[in-house]
Structures are given as C-alpha cells and as structure tokens.
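For reference, the structure is listed below as structure tokens.
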Amino acid sequence: MSVVVPFTELGAMTQEVRPAIDRGWARLLERSAFIGGEAVEEFEHAWAEYCGVAHAVGVANGTDALQLTLMALGIGPGDEVIVPSNTFVASAEAVVLSGATPHFADVSPQTLLLTSADLQAAITSRTRAVIVVHLYGQMPDMDALCRTADRAGVLLIEDAAQAHGATWRDRRAGSIGRAGCFSFYPGKNLGAFGDAGAVVTADADLAKRIRSLRDHGRVAGSHYRHDLIGTNSRLDALQAVVLTAKLGRLDAWNEARRSIIARYRAAFASAPIRMVEDTPGGHGVYHLAVARVPDRARIHQQLTAMGIQSAIHYPIPCHQQAPFLRFAAGPLPVSEAAAGEVLSLPIFPHLRDDQLARVCDAVLEALSATEVHIA
Ligand SMILES: *Cc1c(COP(=O)(O)O)cnc(C)c1O
C-alpha cells in the first residue's frame with residue numbers, strides 16, 4: 001500500500017532554511033572550521049537566550065547531554081536517579097552510563113508524565129537526582145515537582161529532548177531544573193542534519209564542567225592541560241549552522257503543531273479515542289500526537305492499510321526492557337497500561353489540511369469497526 005500521509009516529513013522544513021544554511025556552510029568550508037569556533041558559539045548564545053538561561057553548551061547528542069550533566073554533578077556509582085518508565089530509553093540509559101542506578105517511577109494516567117506523587121513515592125535514602133521528561137512535548141507541573149525535589153534534597157534535571165520551546169507558566173523547557181538536556185536529532189522539533197545536542201543551565205560552574213567534559217576534560221583556553229577525565233562529545237560547526245538557521249522558524253513550526261493537535265481533538269471529541277491530555281499551566285509543542293485507542297493493534301494495522309502511517313511511543317516501558325529488568329522494583333501499572341494503548345498519529349509542521357482530514361476520517365472509520373471498550 002502506498003503512503004497517503006507519512007508519519008513525519010522533514011523536507012519542507014529543510015527547504016525553508018536552505019539558503020541560510022548554504023551561505024553558512026560555504027563560509028565554514030572556506031575556513032575549514034569544522035569543530036567548535038564561532039558557528040558553535042553563535043548557536044550556543046542563541047539557544048541560551050531562547051531558553052531564557054545564561055548558558056548553553058553544545059554536545060554531540062541528547063544522550064550525552066544527560067550523561068555529561070550527571071557526571072558534571074558528581075552523580076555516579078551508589079547514587080539513584082529517578083526516571084519515569086514511560087520515556088525513550090535514552091533517559092534511563094544515560095543514568096546507567098554515568099554509573100548510577102535508575103529508579104523507575106510511574107506516571108500520570110492523564111498526561112503520561114511524572115507527577116510529584118510519583119516522584120515522592122520513588123525517593124529513597126540514595127536518591128540524588130530526578131530526570132523529569134517532557135515527553136511528547138508537554139511539561140508536567142514543575143512547581144509541584146520542584147517543591148518535592150527541593151524538600152528531599154534531590155537535584156532536578158530536565159530531559160527536554162522532545163520539548164524545544166514548550167513552556168510551564170511562561171518558563172521554557174530546560175530553564176527550570178538545575179540543567180535542561182536537549183537532543184537535536186533530525187526528527188525532533190528543532191533538528192540538525194545529523195546528531196547534535198545541548199545542555200542549558202543557569203549554573204556557570206556546571207556549564208564550565210560540561211564544556212570541559214565534552215572536550216576531553218580540557219582546561220578552558222588550554223589545548224594540552226586536562227583537569228578532568230572527559231570524552232569527545234563536541235557539537236559540529238556544520239550542525240550549529242543548521243540549528244541557528246532553524247531556530248528562527250521554531251516558534252512558527254511549533255504553532256503549526258498546536259493547530260494540528262487542536263484539529264485532532266475536535267475531530268475525535270465524541271469518538272472512543274482520547275488524545276493524551278495537556279497539563280493545565282503548560283503550553284506544549286507536540287513533538288508527537290499521541291492518542292489512546294482501544295484494540296490498538298487492529299487500528300494501527302487498518303491505518304497502515306489505508307496508507308496512513310502511525311507509530312507507537314513506546315510499546316515497552318523502560319522497566320520492562322531486557323537490560324533494565326534488573327533495576328525494576330515492581331509493577332508500574334499506568335506505564336504498563338499506556339504501552340498497550342498509545343498510538344502516535346502523523347504530526348509535522350507542513351502537514352496539509354487535506355492530509356489531516358484524511359487522517360481524521362481514517363481513524364474514525366477504523367474506530368467504527370471496533371468493539372468499543374476503553375478504560
Ligand atoms: C531523542 C531523545 C533522547 C536522546 O537523544 P539522542 O540525541 O538520540 O541521543 C533522550 N530523551 C528523549 C525523551 C528523547 O526523545
């Protein structure tokens with residue numbers, strides 16, 4: 001079956017920024033300036049300003065952003081880091097890579113995000129930090145999470161890899177915790193032409209340590225002195241040029257995603273399908289359009305047969321992935337139930353009205369052929 005509506009489509013975004021990237025890349029090629037330098041600094045300044053924080057440090061990808069943040073905060077063996085089980089596996093992977101132990105928490109049945117009650121229930125005497133994940137582009141109640149974390153002396157780190165530009169009470173994703181970690185993987189709301197990532201923080205010392213760790217532990221300004229055991233996780237200048245060019249379009253692209261979600265909500269208002277709910281006080285950027293449906297396997301298959309691509313984020317919660325089983329402390333019923341019901345519908349800034357109408361019709365048609373039973 002040919003594809004009538006793709007799940008995502010990056011080409012039109014590339015076309016909008018192509019002239020600026022061509023100019024920027026030409027300058028880099030003339031100077032053979034490939035790693036670090038002005039292009040990276042320019043993006044770091046622009047990204048810090050956009051997020052409303054003092055510092056941004058470009059790194060190689062989002063997983064490194066999380067791992068280097070944990071390392072720079074001195075979190076490692078013997079420490080526990082709380083992670084919601086309903087997330088992309090990288091959130092938990094970074095904890096294991098840092099030498100610490102992930103402690104999986106359940107999530108809200110409405111938003112599928114971590115709540116302060118879930119956080120509180122997961123805190124032990126070994127807890128050093130919590131990674132709050134703004135999954136699908138939506139921020140949870142950050143006031144309540146910060147209060148709970150502060151009271152327990154737990155550091156709050158934001159995994160904002162799906163939430164570029166999202167806000168909680170007018171503060172941007174990444175700017176509320178001790179640090180905010182971003183991925184610029186091509187399919188993210190702000191995506192490079194390859195792998196890239198960044199950490200944002202108000203903490204100058206933390207930014208300095210991450211800057212050193214990403215570059216082999218080098219002392220700032222010295223090529224030969226290494227004060228830390230770091231790694232190579234630098235941001236390519238070529239990617240920085242892409243990111244600076246695309247940043248100018250991010251708000252418009254996020255607005256387009258918001259209107260798509262509004263359309264899905266309206267179309268499905270009286271059907272046995274629910275879009276994952278927003279957090280009151282949050283302004284999401286809808287990296288994904290996640291619905292909960294009865295009889296998901298059949299709906300997924302029927303949409304595919306009608307040429308509508310959909311996807312599942314995520315079919316297996318982290319605590320049930322084979323290498324993480326040894327960290328699982330018990331059942332997490334909300335995460336487990338969600339894994340069996342979630343279905344991500346097409347969403348990307350240049351999704352056309354006629355394509356959106358085709359998706360809505362196809363979903364309603366698939367649902368009308370279903371025995372209705374949703375919890
Ligand atoms: C994409 C993503 C990451 C990892 O980013 P990479 O750049 O692929 O390493 C981490 N957390 C979440 C929630 C993500 O969606």
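Quick note on naming: the chains in the structure tokens go A, B, ... in the order shown, residues restart at 1 in each chain, and ligands are numbered from 1 in order of appearance.
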
Please report as JSON lines every residue of chain A lying within 6 Å of ligand 1, along with the nearest atom pair and their distance in Å (one decimal), using only C-alpha atoms and all ligand atoms.
```
{"residue": "A:Asn61", "atom": "CA", "partner": "ligand 1", "partner_atom_place_in_ligand_line": "7 (O)", "distance": 3.9}
{"residue": "A:Gly62", "atom": "CA", "partner": "ligand 1", "partner_atom_place_in_ligand_line": "5 (O)", "distance": 3.5}
{"residue": "A:Thr63", "atom": "CA", "partner": "ligand 1", "partner_atom_place_in_ligand_line": "9 (O)", "distance": 3.7}
{"residue": "A:Thr87", "atom": "CA", "partner": "ligand 1", "partner_atom_place_in_ligand_line": "13 (C)", "distance": 5.7}
{"residue": "A:Phe88", "atom": "CA", "partner": "ligand 1", "partner_atom_place_in_ligand_line": "13 (C)", "distance": 4.9}
{"residue": "A:Ala90", "atom": "CA", "partner": "ligand 1", "partner_atom_place_in_ligand_line": "10 (C)", "distance": 4.7}
{"residue": "A:Ser91", "atom": "CA", "partner": "ligand 1", "partner_atom_place_in_ligand_line": "11 (N)", "distance": 4.9}
{"residue": "A:Leu135", "atom": "CA", "partner": "ligand 1", "partner_atom_place_in_ligand_line": "13 (C)", "distance": 5.8}
{"residue": "A:Asp159", "atom": "CA", "partner": "ligand 1", "partner_atom_place_in_ligand_line": "11 (N)", "distance": 5.9}
{"residue": "A:Ala161", "atom": "CA", "partner": "ligand 1", "partner_atom_place_in_ligand_line": "14 (C)", "distance": 4.7}
{"residue": "A:Gln162", "atom": "CA", "partner": "ligand 1", "partner_atom_place_in_ligand_line": "15 (O)", "distance": 5.1}
{"residue": "A:Ser183", "atom": "CA", "partner": "ligand 1", "partner_atom_place_in_ligand_line": "7 (O)", "distance": 4.1}
{"residue": "A:Phe184", "atom": "CA", "partner": "ligand 1", "partner_atom_place_in_ligand_line": "7 (O)", "distance": 5.9}
{"residue": "A:Tyr185", "atom": "CA", "partner": "ligand 1", "partner_atom_place_in_ligand_line": "7 (O)", "distance": 5.0}
{"residue": "A:Asp195", "atom": "CA", "partner": "ligand 1", "partner_atom_place_in_ligand_line": "7 (O)", "distance": 5.9}
{"residue": "A:Gly197", "atom": "CA", "partner": "ligand 1", "partner_atom_place_in_ligand_line": "7 (O)", "distance": 5.9}
```

Only N, CA and C atoms, please: the residues just picked out, written as an mmCIF file, in the first residue's frame.
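Result saved to part00.cif:
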```cif
data_model
loop_
_atom_site.group_PDB
_atom_site.id
_atom_site.type_symbol
_atom_site.label_atom_id
_atom_site.label_comp_id
_atom_site.auth_asym_id
_atom_site.auth_seq_id
_atom_site.Cartn_x
_atom_site.Cartn_y
_atom_site.Cartn_z
ATOM 1 N N ASN A 61 24.986 14.790 21.163
ATOM 2 C CA ASN A 61 23.631 14.230 21.045
ATOM 3 C C ASN A 61 22.924 14.388 22.395
ATOM 4 N N GLY A 62 21.668 14.019 22.432
ATOM 5 C CA GLY A 62 20.875 14.199 23.646
ATOM 6 C C GLY A 62 21.247 13.244 24.767
ATOM 7 N N THR A 63 21.641 12.045 24.409
ATOM 8 C CA THR A 63 22.042 11.071 25.434
ATOM 9 C C THR A 63 23.286 11.565 26.163
ATOM 10 N N THR A 87 9.166 6.663 28.879
ATOM 11 C CA THR A 87 10.055 7.610 28.204
ATOM 12 C C THR A 87 10.821 6.859 27.135
ATOM 13 N N PHE A 88 11.561 7.608 26.308
ATOM 14 C CA PHE A 88 12.503 6.970 25.395
ATOM 15 C C PHE A 88 13.650 6.428 26.238
ATOM 16 N N ALA A 90 16.710 6.354 26.218
ATOM 17 C CA ALA A 90 17.930 7.137 26.467
ATOM 18 C C ALA A 90 17.913 7.825 27.822
ATOM 19 N N SER A 91 16.727 8.214 28.309
ATOM 20 C CA SER A 91 16.656 8.886 29.620
ATOM 21 C C SER A 91 17.252 7.985 30.694
ATOM 22 N N LEU A 135 7.849 14.521 27.962
ATOM 23 C CA LEU A 135 7.576 13.608 26.855
ATOM 24 C C LEU A 135 6.458 14.128 25.957
ATOM 25 N N ASP A 159 14.826 16.421 30.998
ATOM 26 C CA ASP A 159 15.063 15.824 29.685
ATOM 27 C C ASP A 159 14.055 16.489 28.752
ATOM 28 N N ALA A 161 14.299 16.719 25.447
ATOM 29 C CA ALA A 161 14.637 16.293 24.081
ATOM 30 C C ALA A 161 13.440 16.302 23.132
ATOM 31 N N GLN A 162 12.208 16.321 23.704
ATOM 32 C CA GLN A 162 11.011 16.371 22.844
ATOM 33 C C GLN A 162 10.252 17.677 23.047
ATOM 34 N N SER A 183 18.111 17.111 22.721
ATOM 35 C CA SER A 183 18.594 16.400 21.540
ATOM 36 C C SER A 183 18.172 17.195 20.324
ATOM 37 N N PHE A 184 19.034 17.280 19.333
ATOM 38 C CA PHE A 184 18.662 17.876 18.047
ATOM 39 C C PHE A 184 18.721 16.835 16.943
ATOM 40 N N TYR A 185 18.409 15.598 17.287
ATOM 41 C CA TYR A 185 18.251 14.529 16.298
ATOM 42 C C TYR A 185 17.321 15.063 15.196
ATOM 43 N N ASP A 195 23.348 14.006 14.150
ATOM 44 C CA ASP A 195 23.193 14.039 15.606
ATOM 45 C C ASP A 195 23.734 15.336 16.191
ATOM 46 N N GLY A 197 23.232 17.868 20.221
ATOM 47 C CA GLY A 197 22.521 18.039 21.488
ATOM 48 C C GLY A 197 23.053 19.244 22.221
#
```

Would you return as a PyMOL selection string the members of stretch 97-265 of chain A that DSSP assigns to strand (DSSP E or B) on this structure's backbone?
chain A and resi 101-105+127-133+155-159+167-168+171-172+179-183+197-201+215+218+226+232+236

Using N, CA, C and O atoms, can you write the selected residues to a file as a CSV table (one decimal), in the first residue's frame?
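Now in out08.csv:
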```csv
chain,number,residue,atom,x,y,z
A,101,THR,N,22.3,4.4,39.4
A,101,THR,CA,21.3,3.4,39.3
A,101,THR,C,19.9,4.0,38.9
A,101,THR,O,19.5,4.9,39.7
A,102,PRO,N,19.3,3.6,37.9
A,102,PRO,CA,18.0,4.2,37.6
A,102,PRO,C,16.9,3.6,38.5
A,102,PRO,O,16.9,2.4,38.8
A,103,HIS,N,16.0,4.5,39.0
A,103,HIS,CA,14.9,4.0,39.8
A,103,HIS,C,13.7,4.5,39.1
A,103,HIS,O,13.4,5.6,39.0
A,104,PHE,N,12.9,3.5,38.5
A,104,PHE,CA,11.8,3.8,37.7
A,104,PHE,C,10.6,4.2,38.4
A,104,PHE,O,10.2,3.6,39.4
A,105,ALA,N,9.9,5.3,38.0
A,105,ALA,CA,8.7,5.8,38.6
A,105,ALA,C,7.5,5.7,37.6
A,105,ALA,O,7.8,5.7,36.4
A,127,THR,N,18.6,8.5,46.7
A,127,THR,CA,18.2,9.3,45.6
A,127,THR,C,19.1,10.6,45.6
A,127,THR,O,19.1,11.4,46.5
A,128,ARG,N,19.7,10.9,44.4
A,128,ARG,CA,20.5,12.1,44.3
A,128,ARG,C,19.8,13.1,43.3
A,128,ARG,O,19.9,14.3,43.4
A,129,ALA,N,19.1,12.5,42.3
A,129,ALA,CA,18.5,13.3,41.3
A,129,ALA,C,17.3,12.7,40.7
A,129,ALA,O,17.0,11.5,40.8
A,130,VAL,N,16.5,13.5,40.0
A,130,VAL,CA,15.4,13.0,39.2
A,130,VAL,C,15.5,13.6,37.8
A,130,VAL,O,15.9,14.8,37.6
A,131,ILE,N,15.3,12.8,36.8
A,131,ILE,CA,15.2,13.3,35.4
A,131,ILE,C,13.7,13.4,35.1
A,131,ILE,O,13.0,12.4,34.9
A,132,VAL,N,13.2,14.6,35.0
A,132,VAL,CA,11.9,14.9,34.6
A,132,VAL,C,11.8,15.0,33.0
A,132,VAL,O,12.6,15.8,32.4
A,133,VAL,N,11.0,14.1,32.4
A,133,VAL,CA,11.0,14.1,31.0
A,133,VAL,C,9.7,14.8,30.4
A,133,VAL,O,8.6,14.4,30.8
A,155,LEU,N,18.3,16.7,43.2
A,155,LEU,CA,18.5,17.6,42.0
A,155,LEU,C,17.5,17.3,40.9
A,155,LEU,O,17.3,16.1,40.6
A,156,LEU,N,17.0,18.3,40.3
A,156,LEU,CA,16.0,18.1,39.2
A,156,LEU,C,16.7,18.4,37.9
A,156,LEU,O,17.2,19.6,37.7
A,157,ILE,N,16.7,17.4,37.0
A,157,ILE,CA,17.3,17.6,35.6
A,157,ILE,C,16.2,17.4,34.7
A,157,ILE,O,15.3,16.5,34.8
A,158,GLU,N,16.1,18.3,33.7
A,158,GLU,CA,15.0,18.2,32.7
A,158,GLU,C,15.5,17.5,31.4
A,158,GLU,O,16.5,17.9,30.8
A,159,ASP,N,14.8,16.4,31.0
A,159,ASP,CA,15.1,15.8,29.7
A,159,ASP,C,14.1,16.5,28.8
A,159,ASP,O,12.9,16.1,28.7
A,167,THR,N,6.5,25.5,27.3
A,167,THR,CA,6.7,26.3,28.5
A,167,THR,C,5.8,25.8,29.6
A,167,THR,O,4.8,25.1,29.4
A,168,TRP,N,6.2,26.1,30.8
A,168,TRP,CA,5.4,25.9,32.1
A,168,TRP,C,5.3,27.2,32.7
A,168,TRP,O,6.3,27.8,33.1
A,171,ARG,N,7.8,29.8,31.6
A,171,ARG,CA,9.2,29.5,31.6
A,171,ARG,C,9.5,28.3,30.7
A,171,ARG,O,8.7,27.3,30.6
A,172,ARG,N,10.5,28.4,29.9
A,172,ARG,CA,10.8,27.4,28.8
A,172,ARG,C,11.3,26.1,29.4
A,172,ARG,O,12.1,26.1,30.4
A,179,ALA,N,19.6,21.7,35.3
A,179,ALA,CA,20.0,21.7,33.9
A,179,ALA,C,18.9,21.2,33.0
A,179,ALA,O,18.1,20.4,33.5
A,180,GLY,N,18.9,21.6,31.8
A,180,GLY,CA,18.0,21.1,30.8
A,180,GLY,C,18.7,20.4,29.7
A,180,GLY,O,19.7,21.0,29.1
A,181,CYS,N,18.3,19.2,29.3
A,181,CYS,CA,19.1,18.5,28.2
A,181,CYS,C,18.3,18.3,27.0
A,181,CYS,O,17.1,17.9,27.0
A,182,PHE,N,18.9,18.7,25.8
A,182,PHE,CA,18.2,18.7,24.6
A,182,PHE,C,18.9,17.7,23.6
A,182,PHE,O,20.1,17.6,23.6
A,183,SER,N,18.1,17.1,22.7
A,183,SER,CA,18.6,16.4,21.5
A,183,SER,C,18.2,17.2,20.3
A,183,SER,O,17.1,17.7,20.3
A,197,GLY,N,23.2,17.9,20.2
A,197,GLY,CA,22.5,18.0,21.5
A,197,GLY,C,23.1,19.2,22.2
A,197,GLY,O,24.0,19.9,21.8
A,198,ALA,N,22.5,19.6,23.4
A,198,ALA,CA,22.9,20.7,24.2
A,198,ALA,C,22.4,20.5,25.6
A,198,ALA,O,21.4,19.9,25.9
A,199,VAL,N,23.2,21.2,26.5
A,199,VAL,CA,22.7,21.3,27.9
A,199,VAL,C,22.6,22.8,28.2
A,199,VAL,O,23.4,23.6,27.8
A,200,VAL,N,21.4,23.2,28.8
A,200,VAL,CA,21.3,24.6,29.2
A,200,VAL,C,21.2,24.7,30.7
A,200,VAL,O,20.7,23.7,31.4
A,201,THR,N,21.8,25.7,31.3
A,201,THR,CA,21.8,25.8,32.7
A,201,THR,C,22.1,27.3,33.2
A,201,THR,O,22.8,28.0,32.4
A,215,ASP,N,35.0,18.0,25.9
A,215,ASP,CA,36.3,18.1,25.1
A,215,ASP,C,37.5,17.6,25.9
A,215,ASP,O,38.4,18.3,26.1
A,218,ARG,N,39.5,19.1,28.9
A,218,ARG,CA,40.5,20.2,28.7
A,218,ARG,C,40.2,21.4,29.7
A,218,ARG,O,39.0,21.7,29.9
A,226,HIS,N,44.6,18.8,31.0
A,226,HIS,CA,43.4,18.1,31.1
A,226,HIS,C,43.1,17.9,32.6
A,226,HIS,O,43.8,17.2,33.3
A,232,ASN,N,34.8,12.8,24.1
A,232,ASN,CA,34.6,13.6,23.0
A,232,ASN,C,33.2,13.7,22.6
A,232,ASN,O,32.6,12.7,22.2
A,236,ASP,N,29.4,19.7,16.1
A,236,ASP,CA,30.0,20.1,14.8
A,236,ASP,C,29.5,21.5,14.4
A,236,ASP,O,28.4,21.8,14.6
```

For A:Pro323: contacts at 12 Å, only C-alpha atoms, fewer than 3 positions along chain excluded, given as a list in words:
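Final neighbour list, sorted by chain and number: Val89, Ala92, Glu93, Val96, Pro102, Cys318, His319, Gln320, Arg326, Phe327 and Ala328 of chain A.
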
Kindly export the residues of the current selection with N, CA and C atoms, as a short mmCIF file (atom, residue, chain, number, x, y, z; two decimals), in the first residue's frame.
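selection_23.cif was written with the following content:
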```cif
data_model
loop_
_atom_site.label_atom_id
_atom_site.label_comp_id
_atom_site.auth_asym_id
_atom_site.auth_seq_id
_atom_site.Cartn_x
_atom_site.Cartn_y
_atom_site.Cartn_z
N VAL A 89 14.16 5.28 25.86
CA VAL A 89 15.11 4.55 26.68
C VAL A 89 16.38 5.35 27.03
N ALA A 92 16.96 6.69 30.63
CA ALA A 92 17.46 5.72 31.62
C ALA A 92 18.87 5.25 31.29
N GLU A 93 19.14 5.15 30.00
CA GLU A 93 20.46 4.70 29.54
C GLU A 93 21.57 5.63 30.07
N VAL A 96 22.57 4.82 33.62
CA VAL A 96 23.44 3.64 33.74
C VAL A 96 24.84 3.98 33.23
N PRO A 102 19.28 3.62 37.85
CA PRO A 102 17.96 4.21 37.59
C PRO A 102 16.91 3.62 38.51
N CYS A 318 10.31 1.36 29.89
CA CYS A 318 11.74 1.12 30.16
C CYS A 318 11.98 0.01 31.16
N HIS A 319 11.18 -0.03 32.24
CA HIS A 319 11.47 -1.01 33.29
C HIS A 319 11.21 -2.44 32.82
N GLN A 320 10.59 -2.59 31.64
CA GLN A 320 10.37 -3.95 31.10
C GLN A 320 11.28 -4.26 29.92
N ARG A 326 16.80 -5.64 35.69
CA ARG A 326 17.45 -5.76 37.00
C ARG A 326 17.27 -4.51 37.87
N PHE A 327 16.83 -3.42 37.25
CA PHE A 327 16.58 -2.20 38.04
C PHE A 327 15.11 -2.06 38.43
N ALA A 328 14.24 -2.91 37.87
CA ALA A 328 12.80 -2.76 38.10
C ALA A 328 12.46 -3.18 39.52
#
```

For A:Pro280, which of A:Met139, A:Ala121, A:Ala311, A:Arg31 is the closest residue, counting only C-alpha atoms?
A:Met139

Selected residue, from A:Gly36, A:Gly174, A:Pro19, A:Pro272, that lies nearest to A:Val53 when counting only C-alpha atoms
A:Gly174
